[in-house]
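Notes follow the structure.
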Amino acid sequence: MDGLHVVANLYRCRGNARYLTDAAELRRFCHDSINRAGLTILGDLFHEFDGGGVTGTVVLAESHLAVHTWPELQSVSLDVYVCNYTQDNSAKARQVVTDLMELFRPEEHVQHDVPRDKRLMYESLNGDYGFFLRSSKLIESSKTRFQDLEIHETPQFGKLFRLDGCFMTSEREEFVYHETLIHPALTAHPSPKRALVIGGGDGGAAEEALKHPSIEQLVMVELDGKVVEIAREHFGAIHRGVFDNPKLKLLIEDGLKYLAETKEKFDSIALDLPDPIGPATALYEETFFRDCKRALAAGGVLTLHMGSPWSRPDRVKMLYGRLAKVFKIARPYTMFIPLYGCLWSMCACSDSTDVAAVNSAEIDIRIGNRGLSHLQYYNGPAHQALFALPNFVRELTVDAVPKPRLVATKKRAAGGVK
């Protein structure tokens with residue numbers, strides 16, 4: 001049920017001390033405050049303990065108010081809840097809490113305002129914390145044989161795409177993820193001709209890649225055709241018509257199978273995939289990474305996201321370890337993704353191209369030469385900043401991989417005896 005729940009603990013209260021011990025006085029004040037706020041009293045019970053302290057509850061048509069005092073500690077606990085079924089009563093609840101704060105005058109307090117809103121969408125980042133957004137409207141909801149899909153209108157991010165309860169992308173901040181997934185690798189390549197996107201049915205990654213004029217063909221392999229349908233209808237602000245670009249070859253099939261069987265070579269492969277959970281797990285295995293490596297042309301680069309080093313450090317460490325085992329060069333990089341609510345990590349992998357080694361001046365020259373003038377996130381200094389790793393991320397990635405041992409060999413003197 002929509003509503004607002006306010007809970008607060010008040011410490012070292014300096015207001016009139018009688019309200020900490022006198023049930024009748026506290027009851028009278030609560031009634032007056034509730035009536036002023038415009039809430040409806042149905043009943044109450046206030047009890048005064050021997051030796052001090054009061055506990056009281058007022059039942060409201062809108063829900064309840066509860067208060068408990070500890071005079072010996074000069075402390076008070078408050079609990080106010082109102083439902084917003086027919087109208088928004090949140091301001092009324094906050095007014096009652098404010099009245100009680102002014103009555104008790106705590107030197108310190110801790111308050112939590114908890115919205116109880118069916119329009120709030122939650123995503124757990126791990127078992128201990130998460131992220132929420134408010135939906136203005138559920139535009140579409142569908143279930144395919146692969147996954148549950150939702151499109152929401154949101155005040156913060158515009159239209160938003162949700163897959164199996166996880167936030168995927170949105171109109172207003174998609175550029176952060178898509179630009180950092182695509183442009184570091186393609187800009188580091190002197191002249192990329194062919195690119196592959198596995199997943200990415202929203203079209204954002206493909207749209208970014210095809211901004212590079214040297215790209216002659218981009219192959220997109222998306223498992224679920226419904227994702228592309230949704231993108232075409234609802235997310236034009238993300239794909240910007242890329243599905244009608246003659247350079248795009250769209251395949252609705254399993255990316256795992258495609259890379260296991262393809263004979264084609266690509267200058268760039270971008271894995272734009274959900275987290276490695278359930279069926280997607282196979283797309284993060286070492287075997288699949290080796291298939292990606294086999295499909296890279298000379299100088300080609302694989303890029304993918306590895307998740308959050310803050311909320312899922314073990315996953316980042318595991319994935320980087322696999323990538324470093326397959327590729328000679330594996331460069332992790334980080335950025336903050338607004339829709340995901342935390343620091344995120346990606347990796348650029350190759351056997352010959354070190355994406356991190358291209359300096360910011362050269363990146364800006366290539367951006368200018370390629371006409372990439374409308375990027376919202378990526379530029380030369382940003383390129384270098386992406387690869388400037390915080391120490392705790394280094395410990396999960398580059399510092400966690402064993403360095404190859406150097407074996408000393410004795411040199412044989414010229415003309416010496418074997």
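Just so we're on the same page: first chain in the structure tokens is A, next is B, and so on; residues restart at 1 for each chain, and ligands are numbered from 1 in the order they show up.
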Contacts of region 156-166 of chain A at 12 Å or less, counting only C-alpha atoms, minus same-chain residues fewer than 5 places along, as a ChimeraX atom specification?
-> /A:121-125,130-151,171-175,201-202,224,226-228,230-231,233-238,273-275,277-278,338-341
Keeping only C-alpha atoms, write the selected residues to a file as a PDB file, in the first residue's frame.
```pdb
ATOM      1  CA  MET A 121      11.277  -0.341  -7.930  1.00  0.00           C
ATOM      2  CA  TYR A 122      14.044  -2.011  -5.944  1.00  0.00           C
ATOM      3  CA  GLU A 123      17.149  -3.835  -7.094  1.00  0.00           C
ATOM      4  CA  SER A 124      19.501  -5.609  -4.725  1.00  0.00           C
ATOM      5  CA  LEU A 125      23.162  -4.960  -5.432  1.00  0.00           C
ATOM      6  CA  GLY A 130      20.411  -2.073  -2.964  1.00  0.00           C
ATOM      7  CA  PHE A 131      19.020   0.737  -5.058  1.00  0.00           C
ATOM      8  CA  PHE A 132      15.538   2.065  -5.777  1.00  0.00           C
ATOM      9  CA  LEU A 133      13.806   4.243  -8.355  1.00  0.00           C
ATOM     10  CA  ARG A 134      10.313   5.625  -8.633  1.00  0.00           C
ATOM     11  CA  SER A 135       8.174   4.625 -11.602  1.00  0.00           C
ATOM     12  CA  SER A 136       5.629   7.143 -12.873  1.00  0.00           C
ATOM     13  CA  LYS A 137       3.992   4.569 -15.102  1.00  0.00           C
ATOM     14  CA  LEU A 138       4.408   0.961 -16.182  1.00  0.00           C
ATOM     15  CA  ILE A 139       4.348   1.283 -19.960  1.00  0.00           C
ATOM     16  CA  GLU A 140       4.675  -2.384 -20.884  1.00  0.00           C
ATOM     17  CA  SER A 141       5.297  -5.717 -19.209  1.00  0.00           C
ATOM     18  CA  SER A 142       5.895  -8.988 -21.017  1.00  0.00           C
ATOM     19  CA  LYS A 143       7.313 -12.429 -20.404  1.00  0.00           C
ATOM     20  CA  THR A 144       9.260 -14.267 -23.074  1.00  0.00           C
ATOM     21  CA  ARG A 145      10.620 -17.792 -22.924  1.00  0.00           C
ATOM     22  CA  PHE A 146      13.923 -16.259 -21.830  1.00  0.00           C
ATOM     23  CA  GLN A 147      13.098 -13.467 -19.368  1.00  0.00           C
ATOM     24  CA  ASP A 148      10.663 -10.955 -17.860  1.00  0.00           C
ATOM     25  CA  LEU A 149      10.743  -7.513 -19.485  1.00  0.00           C
ATOM     26  CA  GLU A 150       9.367  -4.183 -18.234  1.00  0.00           C
ATOM     27  CA  ILE A 151       9.370  -0.634 -19.570  1.00  0.00           C
ATOM     28  CA  GLU A 171      17.038   7.215 -21.895  1.00  0.00           C
ATOM     29  CA  ARG A 172      18.856   9.835 -19.846  1.00  0.00           C
ATOM     30  CA  GLU A 173      22.020   8.071 -18.679  1.00  0.00           C
ATOM     31  CA  GLU A 174      22.571   5.245 -21.172  1.00  0.00           C
ATOM     32  CA  PHE A 175      25.463   7.132 -22.731  1.00  0.00           C
ATOM     33  CA  GLY A 201      19.204  -5.580 -28.026  1.00  0.00           C
ATOM     34  CA  ASP A 202      18.385  -2.017 -26.973  1.00  0.00           C
ATOM     35  CA  ASP A 224      15.558 -12.450 -27.448  1.00  0.00           C
ATOM     36  CA  LYS A 226      11.304  -9.197 -28.048  1.00  0.00           C
ATOM     37  CA  VAL A 227      14.062  -6.970 -26.643  1.00  0.00           C
ATOM     38  CA  VAL A 228      14.644  -5.548 -30.124  1.00  0.00           C
ATOM     39  CA  ILE A 230      10.678  -3.129 -27.350  1.00  0.00           C
ATOM     40  CA  ALA A 231      13.712  -1.036 -28.251  1.00  0.00           C
ATOM     41  CA  GLU A 233       8.991   0.967 -30.131  1.00  0.00           C
ATOM     42  CA  HIS A 234      10.099   2.657 -26.922  1.00  0.00           C
ATOM     43  CA  PHE A 235      13.810   3.491 -26.960  1.00  0.00           C
ATOM     44  CA  GLY A 236      14.461   5.571 -30.055  1.00  0.00           C
ATOM     45  CA  ALA A 237      16.359   7.988 -27.820  1.00  0.00           C
ATOM     46  CA  ILE A 238      18.873   5.185 -27.197  1.00  0.00           C
ATOM     47  CA  LEU A 273      25.047  -8.784 -21.482  1.00  0.00           C
ATOM     48  CA  PRO A 274      23.118  -9.161 -18.224  1.00  0.00           C
ATOM     49  CA  ASP A 275      24.996 -10.153 -15.084  1.00  0.00           C
ATOM     50  CA  ILE A 277      23.389 -15.251 -13.390  1.00  0.00           C
ATOM     51  CA  GLY A 278      21.335 -18.194 -14.637  1.00  0.00           C
ATOM     52  CA  PRO A 338      23.904   6.279 -12.423  1.00  0.00           C
ATOM     53  CA  LEU A 339      21.223   3.667 -13.141  1.00  0.00           C
ATOM     54  CA  TYR A 340      23.173   0.970 -11.281  1.00  0.00           C
ATOM     55  CA  GLY A 341      23.800   3.206  -8.282  1.00  0.00           C
TER      56      GLY A 341
END
```
Each region 107-190 of chain A residue no farther than 10 Å from region 7-12 of chain A, nearest pair in Å, only C-alpha atoms, as a tab-separated table:
```
residue	atom	partner	partner_atom	distance
A:Glu107	CA	A:Arg12	CA	5.5
A:Glu108	CA	A:Tyr11	CA	5.2
A:His109	CA	A:Leu10	CA	4.4
A:Val110	CA	A:Asn9	CA	5.3
A:Gln111	CA	A:Ala8	CA	4.2
A:His112	CA	A:Val7	CA	5.4
A:Asp113	CA	A:Val7	CA	6.7
A:Val114	CA	A:Val7	CA	8.2
```
Find the residues near Asp351 (chain A): any atom within 9 Å, counting only C-alpha atoms, skip ones fewer than 4 places away on the same chain, and give them as a ChimeraX atom specification.
-> /A:293,298-301,326-330
Quick one: residues within 6 Å of region 265-267 of chain A, only C-alpha atoms counted, chain neighbours fewer than 2 positions away excluded, as a ChimeraX atom specification?
-> /A:192,194-195,295-297,300
Restricted to N, CA and C atoms, what would the selected residues look like written as a compact mmCIF listing (two decimals), in the first residue's frame?
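Generated file (result-v1.txt):
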```txt
# COMPACT_ATOMS: atom_id res chain seq x y z
N PRO A 192 39.17 0.57 -37.30
CA PRO A 192 38.32 -0.61 -37.16
C PRO A 192 37.34 -0.74 -38.33
N ARG A 194 35.30 -4.02 -38.80
CA ARG A 194 34.19 -4.92 -38.49
C ARG A 194 34.05 -5.04 -36.97
N ALA A 195 32.80 -4.97 -36.51
CA ALA A 195 32.53 -5.02 -35.08
C ALA A 195 31.40 -6.01 -34.81
N ALA A 295 37.74 -15.21 -32.52
CA ALA A 295 37.01 -14.41 -33.50
C ALA A 295 37.57 -13.00 -33.67
N LEU A 296 38.59 -12.65 -32.90
CA LEU A 296 39.20 -11.33 -33.04
C LEU A 296 40.23 -11.32 -34.17
N ALA A 297 40.18 -10.27 -34.98
CA ALA A 297 41.22 -10.06 -35.98
C ALA A 297 42.50 -9.59 -35.29
N GLY A 300 42.59 -6.87 -32.62
CA GLY A 300 41.22 -6.74 -32.15
C GLY A 300 41.12 -6.72 -30.63
```
Counting only C-alpha atoms, figure out which residue out of A:Asn359, A:Thr69, A:Thr397, A:Thr86 gets nearest to Pro381 (chain A).
->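 Of all the options, A:Asn359 lies closest to Pro381 (chain A).
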Within 12 Å of region 366-376 of chain A using only C-alpha atoms, minus same-chain residues under 2 positions, as an NGL selection string | :A and (172-180 or 182-184 or 186-192 or 207-215 or 358-364 or 378-383)
Please, could you write that set of residues out with N, CA and C atoms as a compact mmCIF listing (two decimals), in the first residue's frame?
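Final output, saved to again_25.txt:
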```
# COMPACT_ATOMS: atom_id res chain seq x y z
N ARG A 172 18.09 8.66 -20.23
CA ARG A 172 18.86 9.84 -19.85
C ARG A 172 20.30 9.56 -19.45
N GLU A 173 20.63 8.31 -19.11
CA GLU A 173 22.02 8.07 -18.68
C GLU A 173 22.68 6.92 -19.42
N GLU A 174 22.02 6.40 -20.46
CA GLU A 174 22.57 5.25 -21.17
C GLU A 174 23.94 5.53 -21.75
N PHE A 175 24.20 6.80 -22.08
CA PHE A 175 25.46 7.13 -22.73
C PHE A 175 26.67 6.79 -21.87
N VAL A 176 26.52 6.80 -20.55
CA VAL A 176 27.66 6.48 -19.68
C VAL A 176 28.11 5.05 -19.93
N TYR A 177 27.17 4.13 -19.89
CA TYR A 177 27.50 2.71 -20.09
C TYR A 177 27.93 2.44 -21.53
N HIS A 178 27.12 2.88 -22.49
CA HIS A 178 27.38 2.51 -23.88
C HIS A 178 28.65 3.15 -24.43
N GLU A 179 28.90 4.41 -24.09
CA GLU A 179 30.12 5.05 -24.59
C GLU A 179 31.37 4.41 -23.99
N THR A 180 31.32 4.06 -22.71
CA THR A 180 32.52 3.47 -22.10
C THR A 180 32.71 2.01 -22.49
N ILE A 182 32.05 0.92 -25.58
CA ILE A 182 32.39 0.87 -27.00
C ILE A 182 33.62 1.70 -27.38
N HIS A 183 33.67 2.95 -27.00
CA HIS A 183 34.66 3.86 -27.59
C HIS A 183 36.11 3.65 -27.16
N PRO A 184 36.42 3.25 -25.93
CA PRO A 184 37.84 3.04 -25.63
C PRO A 184 38.51 2.05 -26.58
N LEU A 186 37.38 0.93 -29.68
CA LEU A 186 37.34 1.32 -31.09
C LEU A 186 38.24 2.51 -31.37
N THR A 187 38.35 3.44 -30.44
CA THR A 187 39.21 4.60 -30.65
C THR A 187 40.68 4.22 -30.56
N ALA A 188 41.00 3.23 -29.74
CA ALA A 188 42.38 2.76 -29.64
C ALA A 188 42.82 2.04 -30.90
N HIS A 189 41.86 1.49 -31.65
CA HIS A 189 42.18 0.80 -32.91
C HIS A 189 42.37 1.86 -34.01
N PRO A 190 43.43 1.77 -34.81
CA PRO A 190 43.70 2.81 -35.80
C PRO A 190 42.64 2.92 -36.89
N SER A 191 42.01 1.80 -37.26
CA SER A 191 41.00 1.85 -38.32
C SER A 191 40.10 0.62 -38.25
N PRO A 192 39.17 0.57 -37.30
CA PRO A 192 38.32 -0.61 -37.16
C PRO A 192 37.34 -0.74 -38.33
N GLU A 207 24.70 1.59 -31.87
CA GLU A 207 24.63 2.98 -32.30
C GLU A 207 25.95 3.70 -32.03
N GLU A 208 26.55 3.43 -30.87
CA GLU A 208 27.84 4.06 -30.56
C GLU A 208 28.93 3.56 -31.50
N ALA A 209 28.96 2.25 -31.76
CA ALA A 209 30.02 1.69 -32.61
C ALA A 209 29.95 2.25 -34.03
N LEU A 210 28.73 2.41 -34.55
CA LEU A 210 28.58 2.87 -35.93
C LEU A 210 28.82 4.37 -36.08
N LYS A 211 29.13 5.06 -35.01
CA LYS A 211 29.59 6.45 -35.12
C LYS A 211 30.98 6.51 -35.73
N HIS A 212 31.74 5.42 -35.63
CA HIS A 212 33.09 5.38 -36.21
C HIS A 212 32.96 5.15 -37.71
N PRO A 213 33.35 6.11 -38.53
CA PRO A 213 33.08 6.02 -39.97
C PRO A 213 33.78 4.88 -40.68
N SER A 214 34.86 4.35 -40.11
CA SER A 214 35.58 3.26 -40.78
C SER A 214 34.86 1.92 -40.65
N ILE A 215 33.88 1.81 -39.75
CA ILE A 215 33.16 0.55 -39.58
C ILE A 215 32.36 0.25 -40.84
N VAL A 358 47.08 4.21 -25.00
CA VAL A 358 46.89 5.33 -25.93
C VAL A 358 46.67 6.60 -25.11
N ASN A 359 47.50 7.61 -25.34
CA ASN A 359 47.43 8.80 -24.49
C ASN A 359 46.23 9.68 -24.84
N SER A 360 45.92 10.59 -23.94
CA SER A 360 44.70 11.39 -24.09
C SER A 360 44.76 12.29 -25.32
N ALA A 361 45.93 12.83 -25.64
CA ALA A 361 46.05 13.69 -26.82
C ALA A 361 45.73 12.93 -28.09
N GLU A 362 46.25 11.71 -28.21
CA GLU A 362 45.98 10.89 -29.39
C GLU A 362 44.50 10.52 -29.47
N ILE A 363 43.90 10.20 -28.32
CA ILE A 363 42.46 9.89 -28.31
C ILE A 363 41.67 11.08 -28.84
N ASP A 364 41.98 12.28 -28.38
CA ASP A 364 41.25 13.47 -28.83
C ASP A 364 41.46 13.73 -30.32
N TYR A 378 32.70 10.40 -23.23
CA TYR A 378 34.05 9.96 -23.58
C TYR A 378 34.84 11.06 -24.27
N ASN A 379 36.10 11.25 -23.82
CA ASN A 379 37.07 12.11 -24.48
C ASN A 379 38.47 11.65 -24.07
N GLY A 380 39.50 12.37 -24.50
CA GLY A 380 40.86 11.94 -24.21
C GLY A 380 41.17 11.84 -22.73
N PRO A 381 40.98 12.91 -21.96
CA PRO A 381 41.23 12.80 -20.52
C PRO A 381 40.35 11.76 -19.83
N ALA A 382 39.09 11.64 -20.27
CA ALA A 382 38.22 10.63 -19.67
C ALA A 382 38.74 9.23 -19.95
N HIS A 383 39.33 9.02 -21.14
CA HIS A 383 39.92 7.72 -21.48
C HIS A 383 40.99 7.34 -20.47
```
In region 227-259 of chain A, what's alpha helix (DSSP H) per DSSP? Answer as a PyMOL selection string?
-> chain A and resi 227-234+236-239+255-259
Only C-alpha atoms, please: the residues just picked out, written as an mmCIF file, in the first residue's frame.
```cif
data_model
loop_
_atom_site.group_PDB
_atom_site.id
_atom_site.type_symbol
_atom_site.label_atom_id
_atom_site.label_comp_id
_atom_site.auth_asym_id
_atom_site.auth_seq_id
_atom_site.Cartn_x
_atom_site.Cartn_y
_atom_site.Cartn_z
ATOM 1 C CA VAL A 227 14.062 -6.970 -26.643
ATOM 2 C CA VAL A 228 14.644 -5.548 -30.124
ATOM 3 C CA GLU A 229 10.885 -5.051 -30.621
ATOM 4 C CA ILE A 230 10.678 -3.129 -27.350
ATOM 5 C CA ALA A 231 13.712 -1.036 -28.251
ATOM 6 C CA ARG A 232 12.290 -0.147 -31.664
ATOM 7 C CA GLU A 233 8.991 0.967 -30.131
ATOM 8 C CA HIS A 234 10.099 2.657 -26.922
ATOM 9 C CA GLY A 236 14.461 5.571 -30.055
ATOM 10 C CA ALA A 237 16.359 7.988 -27.820
ATOM 11 C CA ILE A 238 18.873 5.185 -27.197
ATOM 12 C CA HIS A 239 19.238 3.423 -30.562
ATOM 13 C CA GLY A 255 25.490 -15.599 -29.046
ATOM 14 C CA LEU A 256 27.172 -18.556 -27.384
ATOM 15 C CA LYS A 257 26.464 -20.760 -30.394
ATOM 16 C CA TYR A 258 27.307 -18.007 -32.859
ATOM 17 C CA LEU A 259 30.807 -17.437 -31.505
#
```
Residue contacts of Arg27 (chain A) (9 Å, only C-alpha atoms) excluding same-chain residues fewer than 6 positions away, as a VMD selection string | chain A and resid 44 to 46 56 to 58
Could you turn the residues from that selection into a file that holds N, CA and C atoms, as a PDB file, in the first residue's frame?
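Final output, saved to part_20.pdb:
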```pdb
ATOM      1  N   ASP A  44      -7.195   5.446  21.036  1.00  0.00           N
ATOM      2  CA  ASP A  44      -5.824   5.518  21.533  1.00  0.00           C
ATOM      3  C   ASP A  44      -5.682   4.716  22.813  1.00  0.00           C
ATOM      4  N   LEU A  45      -4.459   4.473  23.183  1.00  0.00           N
ATOM      5  CA  LEU A  45      -4.121   3.880  24.475  1.00  0.00           C
ATOM      6  C   LEU A  45      -2.786   4.460  24.914  1.00  0.00           C
ATOM      7  N   PHE A  46      -2.764   5.115  26.080  1.00  0.00           N
ATOM      8  CA  PHE A  46      -1.530   5.650  26.658  1.00  0.00           C
ATOM      9  C   PHE A  46      -1.359   5.050  28.044  1.00  0.00           C
ATOM     10  N   GLY A  56       2.531   5.085  24.257  1.00  0.00           N
ATOM     11  CA  GLY A  56       1.217   5.461  23.766  1.00  0.00           C
ATOM     12  C   GLY A  56       1.064   5.185  22.287  1.00  0.00           C
ATOM     13  N   THR A  57      -0.158   4.830  21.898  1.00  0.00           N
ATOM     14  CA  THR A  57      -0.480   4.586  20.499  1.00  0.00           C
ATOM     15  C   THR A  57      -1.796   5.276  20.169  1.00  0.00           C
ATOM     16  N   VAL A  58      -1.822   5.971  19.050  1.00  0.00           N
ATOM     17  CA  VAL A  58      -3.050   6.570  18.542  1.00  0.00           C
ATOM     18  C   VAL A  58      -3.382   5.884  17.224  1.00  0.00           C
TER      19      VAL A  58
END
```
Nearest to Leu283 (chain A) among A:Ala324, A:Met306, A:Ala185, A:Leu100, with distances taken over only C-alpha atoms: which residue is it?
-> A:Met306
Compare A:Gln87, A:Thr303, A:Asn245, A:Ser63 by their minimum atom-to-atom distance to Ala270 (chain A), counting only C-alpha atoms, and give me the closest one.
->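 The shortest atom-to-atom distance to Ala270 (chain A) comes from A:Thr303.
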Atom-to-atom span, CA of Leu78 (chain A) and CA of Leu42 (chain A), Å = 18.9 Å
If we count only C-alpha atoms, what is near Glu25 (chain A) at a cut-off of 12 Å, once residues fewer than 3 positions away on the same chain are taken out, given as an MDAnalysis selection string?
-> chainID A and resid 16:22 28:32 46:48 54 56 103
